[in-house]
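This report concerns only the one structure given below.
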Amino acid sequence: MEMNYVWKDRKRIIFGLPWTFTRYYLTGEKLIIDTGFFSRREEEIRLYRILDITLKRPLNQRLWGLGTVHLCTADKTTPEVDVRRVKNSREFKELLSDLVEKERTEKRIAGREYMSTDDGGFDMMDDDMM
């Protein structure tokens with residue numbers, strides 16, 4: 001099955017070159033992080049589960065036009081994710097933010113908040129219930 005990617009890039013290392021085995025793919029519904037060469041791992045994060053997006057651009061990344069986008073999610077297996085050292089990181093962050101809001105609105109999650117539970121997980125509560 002062919003996916004329609006809105007954005008894709010690779011993690012970059014020295015001189016901003018993509019010489020790593022980490023690939024990032026963004027569709028209208030999910031972010032996919034594919035890592036590894038011999039043994040590969042694919043992590044999938046549904047966009048509506050992303051709670052917070054932060055752009056980090058330390059000097060060594062800015063010199064090469066890179067940045068890292070840090071995500072806080074409501075995903076139990078991946079509560080925090082870094083999309084590391086990607087080109088055009090500010091544009092990626094804005095695109096991701098817009099897609100997250102669109103997904104949350106379409107799934108009618110826009111008016112809800114995630115509340116922490118005793119076991120460290122998250123429950124969704126409507127604003128009317130508070």
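Residue numbering restarts at 1 for every chain of the structure tokens, chains are lettered A, B, ... in their displayed order, and ligands are numbered from 1 as they appear.
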If we count only C-alpha atoms, what is near A:Thr54 at a cut-off of 9 Å, once residues fewer than 6 positions away on the same chain are taken out, given as a PyMOL selection string? chain A and resi 68-72+93
Determine which residues of chain A DSSP labels as strand (DSSP E or B) from the backbone of this structure, then write them out as a ChimeraX atom specification. /A:7-10,22-26,30-35,41-46,50-56,66-73,80-87,112-116,122-126
So which residues touch A:Phe15 within 10 Å, counting only C-alpha atoms, skipping near sequence neighbours fewer than 4 positions away, as JSON, numbers by chain? {"A": [19, 60, 61, 63, 64, 65, 66]}
Distance criterion (only C-alpha atoms): nearest to A:Glu80 out of A:Ile53, A:Phe38, A:Arg62, A:Leu26: A:Ile53
Residue nearest A:Leu59 - candidates A:Phe21, A:Glu44, A:Val6, A:Arg85, atoms counted: only C-alpha atoms: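 Among the listed residues, the smallest separation from A:Leu59 belongs to A:Arg85.
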Might you pull out every residue within 6 Å of A:Lys30, with only C-alpha atoms counted and same-chain residues fewer than 5 positions away left off, and present them as a PyMOL selection string? chain A and resi 45-47
Now that the selection is made, can you save its residues with all heavy atoms as a PDB file, in the first residue's frame?
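Final output, out-v2.pdb:
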```
ATOM      1  N   ILE A  45       3.216   7.432  15.497  1.00  0.00           N
ATOM      2  CA  ILE A  45       2.530   8.296  16.454  1.00  0.00           C
ATOM      3  C   ILE A  45       1.360   8.952  15.736  1.00  0.00           C
ATOM      4  O   ILE A  45       1.554   9.666  14.747  1.00  0.00           O
ATOM      5  CB  ILE A  45       3.474   9.362  17.037  1.00  0.00           C
ATOM      6  CG1 ILE A  45       4.595   8.667  17.802  1.00  0.00           C
ATOM      7  CG2 ILE A  45       2.735  10.314  17.959  1.00  0.00           C
ATOM      8  CD1 ILE A  45       5.920   9.223  17.536  1.00  0.00           C
ATOM      9  N   ARG A  46       0.167   8.706  16.207  1.00  0.00           N
ATOM     10  CA  ARG A  46      -1.025   9.344  15.650  1.00  0.00           C
ATOM     11  C   ARG A  46      -0.994  10.824  16.005  1.00  0.00           C
ATOM     12  O   ARG A  46      -0.719  11.205  17.147  1.00  0.00           O
ATOM     13  CB  ARG A  46      -2.298   8.706  16.198  1.00  0.00           C
ATOM     14  CG  ARG A  46      -2.478   7.278  15.785  1.00  0.00           C
ATOM     15  CD  ARG A  46      -2.927   7.246  14.380  1.00  0.00           C
ATOM     16  NE  ARG A  46      -2.991   5.890  13.863  1.00  0.00           N
ATOM     17  CZ  ARG A  46      -3.460   5.601  12.684  1.00  0.00           C
ATOM     18  NH1 ARG A  46      -3.902   6.565  11.902  1.00  0.00           N
ATOM     19  NH2 ARG A  46      -3.468   4.380  12.252  1.00  0.00           N
ATOM     20  N   LEU A  47      -1.259  11.683  15.017  1.00  0.00           N
ATOM     21  CA  LEU A  47      -1.126  13.124  15.217  1.00  0.00           C
ATOM     22  C   LEU A  47      -2.039  13.660  16.304  1.00  0.00           C
ATOM     23  O   LEU A  47      -1.656  14.562  17.049  1.00  0.00           O
ATOM     24  CB  LEU A  47      -1.369  13.866  13.900  1.00  0.00           C
ATOM     25  CG  LEU A  47      -0.377  13.566  12.780  1.00  0.00           C
ATOM     26  CD1 LEU A  47      -0.682  14.436  11.562  1.00  0.00           C
ATOM     27  CD2 LEU A  47       1.055  13.755  13.222  1.00  0.00           C
TER      28      LEU A  47
END
```
Determine the nearest neighbour of A:Thr73 from the options A:Glu94, A:Tyr48, A:Met3, A:Phe37, counting only C-alpha atoms.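 For A:Thr73, the nearest of the given residues is A:Tyr48.
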What is the distance between atom CA of A:Thr77 and atom CA of A:Arg57, in Å to one decimal? 25.8 Å
Between atom CA of A:Pro58 and atom CA of A:Asp9 - distance in Å to one decimal: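 Pair atom CA of A:Asp9 / atom CA of A:Pro58 returns 19.2 Å.
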Per DSSP on the backbone, filter stretch 8-129 of chain A down to the residues in helix (DSSP H, G or I) and report them as a ChimeraX atom specification. /A:14-16,47-49,59-62,89-106,127-129
